[in-house]
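Student: Could you have a look at this structure, given as structure tokens, before my questions?
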Amino acid sequence: MKRKGFIFDLDGVIVDTAKYHFLAWKKLAKKIDIDFTETQNEQLKGVSRVKSLEKILAWGNKSISDTQFAALMGEKNDEYLSYINKMDTTEILPDVPRVLDYITEEKQGISLGSASKNARMILDKVKLIEKFEAIVDGNDVSKAKPDPEVFLIAADQIRVKPEDCIVFEDSVAGIQAANTANMISIGIGEKEVLHEADYIFKDFTALTPEFLQELINR
Ligand code: BG6
Ligand code: MG
């Protein structure tokens with residue numbers, strides 16, 4: 001049996017930081033007189049900081065200078081980090097440690113594949129950094145999800161072929177990236193949103209040892 005690679009997105013999969021990204025973007029958008037809906041917010045999930053601001057400006061029909069753009073990016077991140085700084089282990093989503101431990105005990109590969117440049121800091125805060133054999137984040141890629149780059153590097157770093165990898169994702173862009181990379185995609189969230197995924201679960205509590213074993217045995 002070949003060793004499999006389990007690749008985890010971070011925001012919205014391991015920790016509920018998706019809500020903090022939303023709050024920080026909402027506040028920034030309001031400041032520049034742009035409002036966006038919950039549905040539009042789905043399109044920001046998994047997407048890099050630069051791409052997110054570009055989308056928000058496009059929704060509001062606004063164009064700004066490069067200097068203003070850089071300033072707004074900084075502001076958004078400062079606001080986001082004010083939430084992150086208060087994080088601790090209680091913010092790990094239910095059953096994530098159980099699933100990580102199961103995969104480790106089964107001697108399978110574990111990588112992080114996140115768009116965030118704050119990923120290492122967050123994993124450190126919630127004390128999960130040691131669980132990952134490789135961490136690939138927004139500092140390591142040149143192309144944002146839905147491009148598969150982040151997952152391909154994550155697979156390569158644990159020496160597992162893309163077709164032997166399984167990706168856990170809460171974003172549409174991330175599911176598309178996993179599918180393009182020829183990996184098994186597991187959506188964590190709503191069926192209506194993540195319908196392109198190979199499997200969809202509301203959260204990790206529904207991921208039984210039997211199902212995980214099935215993925216390992218494939
Ligand atoms: C992704 C989030 O994980 O990381 C996005 O889903 C976010 O919402 C992106 O924009 C970049 O994160 P950061 O921490 O580098 O601003
Ligand atoms: Mg995510």
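Chain labels A, B, ... are given in the sequence in which chains occur in the structure tokens; within each chain residues are numbered consecutively from 1, and ligands are likewise numbered from 1 in the order shown.
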So that I can check the surroundings of range 179-184 of chain A, please list as JSON, numbers by chain every protein, DNA and RNA residue that reaches within 6 Å of it, counting only C-alpha atoms and ignoring chain neighbours fewer than 4 positions away.

Tutor: {"A": [148, 162, 163, 165, 166]}

Student: Can you tell me which residues sit at most 8 Å away from ligand 1, counting only C-alpha atoms and all ligand atoms, written as a tab-separated table (two decimals) with N, CA, C and O atoms, in the first residue's frame?

Tutor:
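As written to disk, result20.tsv reads:
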chain	number	residue	atom	x	y	z
A	9	ASP	N	-5.88	22.63	4.36
A	9	ASP	CA	-5.97	24.08	4.32
A	9	ASP	C	-6.01	24.52	5.79
A	9	ASP	O	-6.26	23.69	6.68
A	10	LEU	N	-5.75	25.78	6.07
A	10	LEU	CA	-5.73	26.23	7.47
A	10	LEU	C	-7.01	26.97	7.87
A	10	LEU	O	-7.82	26.48	8.67
A	11	ASP	N	-7.20	28.16	7.25
A	11	ASP	CA	-8.31	29.03	7.64
A	11	ASP	C	-9.65	28.39	7.29
A	11	ASP	O	-9.92	28.10	6.13
A	12	GLY	N	-10.49	28.13	8.29
A	12	GLY	CA	-11.80	27.55	8.04
A	12	GLY	C	-11.80	26.03	8.04
A	12	GLY	O	-12.85	25.41	7.91
A	18	ALA	N	-11.72	32.03	9.36
A	18	ALA	CA	-12.48	32.59	8.24
A	18	ALA	C	-13.35	33.75	8.74
A	18	ALA	O	-13.50	34.76	8.06
A	21	HIS	N	-11.14	36.86	9.06
A	21	HIS	CA	-10.86	37.47	7.75
A	21	HIS	C	-12.09	38.28	7.31
A	21	HIS	O	-11.95	39.42	6.86
A	22	PHE	N	-13.27	37.69	7.50
A	22	PHE	CA	-14.52	38.35	7.10
A	22	PHE	C	-14.70	39.67	7.84
A	22	PHE	O	-14.95	40.71	7.24
A	44	LEU	N	-14.06	35.13	-1.40
A	44	LEU	CA	-12.80	35.61	-0.82
A	44	LEU	C	-12.06	34.49	-0.09
A	44	LEU	O	-10.87	34.57	0.16
A	45	LYS	N	-12.79	33.44	0.26
A	45	LYS	CA	-12.17	32.34	1.00
A	45	LYS	C	-11.12	31.63	0.14
A	45	LYS	O	-11.38	31.35	-1.04
A	46	GLY	N	-9.99	31.37	0.73
A	46	GLY	CA	-8.92	30.65	0.02
A	46	GLY	C	-8.11	31.52	-0.90
A	46	GLY	O	-7.08	31.11	-1.43
A	47	VAL	N	-8.58	32.74	-1.10
A	47	VAL	CA	-7.96	33.64	-2.06
A	47	VAL	C	-6.92	34.52	-1.34
A	47	VAL	O	-7.14	34.93	-0.20
A	48	SER	N	-5.81	34.82	-2.00
A	48	SER	CA	-4.73	35.59	-1.36
A	48	SER	C	-5.20	36.99	-0.95
A	48	SER	O	-6.23	37.48	-1.43
A	49	ARG	N	-4.39	37.63	-0.11
A	49	ARG	CA	-4.74	38.96	0.40
A	49	ARG	C	-4.87	39.97	-0.75
A	49	ARG	O	-5.83	40.72	-0.82
A	50	VAL	N	-3.90	39.93	-1.67
A	50	VAL	CA	-3.91	40.85	-2.82
A	50	VAL	C	-5.16	40.64	-3.67
A	50	VAL	O	-5.89	41.59	-3.99
A	51	LYS	N	-5.41	39.38	-4.01
A	51	LYS	CA	-6.56	39.05	-4.87
A	51	LYS	C	-7.88	39.44	-4.19
A	51	LYS	O	-8.82	39.87	-4.85
A	52	SER	N	-7.96	39.26	-2.86
A	52	SER	CA	-9.17	39.59	-2.13
A	52	SER	C	-9.47	41.08	-2.25
A	52	SER	O	-10.60	41.48	-2.55
A	76	LYS	N	-5.77	46.01	6.71
A	76	LYS	CA	-6.56	44.78	6.86
A	76	LYS	C	-5.80	43.77	7.70
A	76	LYS	O	-6.35	43.15	8.61
A	77	ASN	N	-4.50	43.63	7.41
A	77	ASN	CA	-3.74	42.62	8.15
A	77	ASN	C	-3.58	43.00	9.63
A	77	ASN	O	-3.66	42.13	10.49
A	80	TYR	N	-6.79	42.07	11.26
A	80	TYR	CA	-6.86	40.60	11.34
A	80	TYR	C	-5.96	40.08	12.47
A	80	TYR	O	-6.38	39.25	13.27
A	114	SER	N	-1.76	26.35	2.60
A	114	SER	CA	-2.60	27.52	2.89
A	114	SER	C	-2.16	28.73	2.08
A	114	SER	O	-0.97	28.90	1.79
A	115	ALA	N	-3.11	29.59	1.77
A	115	ALA	CA	-2.81	30.84	1.05
A	115	ALA	C	-2.29	31.91	2.00
A	115	ALA	O	-1.80	32.95	1.57
A	116	SER	N	-2.41	31.66	3.30
A	116	SER	CA	-2.12	32.71	4.28
A	116	SER	C	-0.63	32.91	4.54
A	116	SER	O	0.13	31.95	4.69
A	117	LYS	N	-0.24	34.17	4.65
A	117	LYS	CA	1.13	34.49	5.03
A	117	LYS	C	1.28	34.47	6.55
A	117	LYS	O	2.37	34.63	7.08
A	118	ASN	N	0.17	34.30	7.25
A	118	ASN	CA	0.19	34.24	8.72
A	118	ASN	C	0.09	32.81	9.23
A	118	ASN	O	-0.09	32.59	10.44
A	119	ALA	N	0.19	31.83	8.33
A	119	ALA	CA	-0.10	30.44	8.70
A	119	ALA	C	0.78	29.90	9.84
A	119	ALA	O	0.27	29.33	10.81
A	138	GLY	N	1.32	31.11	2.04
A	138	GLY	CA	1.31	32.24	1.11
A	138	GLY	C	2.68	32.83	0.81
A	138	GLY	O	2.84	33.56	-0.17
A	171	SER	N	-12.93	26.19	0.95
A	171	SER	CA	-13.21	27.23	-0.05
A	171	SER	C	-13.42	26.64	-1.44
A	171	SER	O	-12.85	25.59	-1.78

Student: Mind checking which residues fall within 10 Å of range 202-215 of chain A, counting only C-alpha atoms, ignoring those fewer than 2 positions away in the same chain, and posting them as a list in words?

Tutor: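 With the cut-off at 10 Å, the set is Lys4, Phe6, Gly12, Val13, Ile14, Leu93, Pro94, Asp95, Val96, Pro97, Arg98, Val99, Tyr102, Ile103, Glu106, Asp164, Cys165, Ile166, Phe168, Asp170, Ile184, Gly187, Ile188, Gly189, Glu190, Lys191, Ile200, Asn217 and Arg218 of chain A.
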
Student: Export, as a compact mmCIF listing (two decimals), in the first residue's frame, the selected residues with N, CA and C atoms.

Tutor:
# COMPACT_ATOMS: atom_id res chain seq x y z
N LYS A 4 -0.03 7.74 1.69
CA LYS A 4 -0.83 8.83 1.15
C LYS A 4 -0.38 10.17 1.77
N PHE A 6 -1.87 13.70 3.18
CA PHE A 6 -3.06 14.44 3.61
C PHE A 6 -2.68 15.92 3.72
N GLY A 12 -10.49 28.13 8.29
CA GLY A 12 -11.80 27.55 8.04
C GLY A 12 -11.80 26.03 8.04
N VAL A 13 -10.60 25.42 8.16
CA VAL A 13 -10.52 23.96 8.19
C VAL A 13 -9.95 23.50 9.53
N ILE A 14 -8.81 24.08 9.91
CA ILE A 14 -8.18 23.71 11.17
C ILE A 14 -8.63 24.66 12.29
N LEU A 93 -10.80 23.74 15.49
CA LEU A 93 -12.14 23.24 15.17
C LEU A 93 -12.32 21.79 15.66
N PRO A 94 -13.57 21.41 16.01
CA PRO A 94 -13.83 20.11 16.63
C PRO A 94 -13.25 18.92 15.84
N ASP A 95 -12.59 18.04 16.57
CA ASP A 95 -12.07 16.77 16.05
C ASP A 95 -10.88 16.90 15.10
N VAL A 96 -10.38 18.10 14.89
CA VAL A 96 -9.18 18.23 14.04
C VAL A 96 -7.99 17.48 14.66
N PRO A 97 -7.72 17.65 15.98
CA PRO A 97 -6.59 16.91 16.56
C PRO A 97 -6.76 15.39 16.44
N ARG A 98 -8.00 14.90 16.60
CA ARG A 98 -8.25 13.46 16.47
C ARG A 98 -7.85 12.97 15.08
N VAL A 99 -8.26 13.71 14.05
CA VAL A 99 -7.97 13.30 12.67
C VAL A 99 -6.46 13.38 12.40
N TYR A 102 -4.80 10.46 14.11
CA TYR A 102 -5.08 9.19 13.43
C TYR A 102 -4.14 9.02 12.22
N ILE A 103 -4.04 10.08 11.43
CA ILE A 103 -3.22 10.03 10.22
C ILE A 103 -1.74 9.82 10.58
N GLU A 106 -1.11 6.28 11.62
CA GLU A 106 -1.13 5.39 10.45
C GLU A 106 0.09 5.62 9.54
N ASP A 164 -1.93 10.62 -5.11
CA ASP A 164 -2.02 9.92 -3.83
C ASP A 164 -2.30 10.89 -2.66
N CYS A 165 -2.71 12.10 -3.02
CA CYS A 165 -2.98 13.10 -1.98
C CYS A 165 -4.47 13.36 -1.80
N ILE A 166 -4.81 13.76 -0.58
CA ILE A 166 -6.18 14.08 -0.21
C ILE A 166 -6.14 15.49 0.40
N PHE A 168 -8.10 18.70 2.31
CA PHE A 168 -9.25 19.18 3.10
C PHE A 168 -9.36 20.69 2.91
N ASP A 170 -12.14 24.37 2.78
CA ASP A 170 -13.46 24.97 3.02
C ASP A 170 -13.82 25.98 1.93
N ILE A 184 -7.63 14.03 -4.38
CA ILE A 184 -9.00 13.83 -3.87
C ILE A 184 -9.36 15.09 -3.08
N GLY A 187 -14.46 18.63 0.81
CA GLY A 187 -15.00 19.93 1.21
C GLY A 187 -15.46 19.88 2.65
N ILE A 188 -15.08 20.90 3.42
CA ILE A 188 -15.53 21.02 4.81
C ILE A 188 -16.45 22.24 4.85
N GLY A 189 -17.74 21.99 4.93
CA GLY A 189 -18.70 23.09 4.92
C GLY A 189 -20.02 22.70 4.28
N GLU A 190 -20.61 23.65 3.56
CA GLU A 190 -21.95 23.45 3.00
C GLU A 190 -21.92 22.78 1.62
N LYS A 191 -22.82 21.82 1.42
CA LYS A 191 -22.95 21.11 0.14
C LYS A 191 -23.24 22.06 -1.02
N ILE A 200 -18.07 15.74 0.74
CA ILE A 200 -18.35 16.95 1.53
C ILE A 200 -18.79 16.56 2.94
N ASN A 217 -6.35 3.28 2.18
CA ASN A 217 -6.30 2.01 1.42
C ASN A 217 -6.52 2.17 -0.09
N ARG A 218 -6.94 3.30 -0.53
CA ARG A 218 -7.30 3.50 -1.95
C ARG A 218 -6.20 3.06 -2.91

Student: Which one of A:Glu54, A:Glu192, A:Glu75, A:Glu169 sits closest to Thr39 in chain A if you count only C-alpha atoms?

Tutor: A:Glu192

Student: Quick one: DSSP alpha helix (DSSP H) residues in range 75-208 of chain A, as a PyMOL selection string?

Tutor: chain A and resi 75-84+96-105+119-125+149-157+172-180

Student: Quick one, how far is CA of Trp59 in chain A from CA of Lys19 in chain A?

Tutor: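 Straight-line distance from CA of Trp59 in chain A to CA of Lys19 in chain A works out to 20.1 Å.
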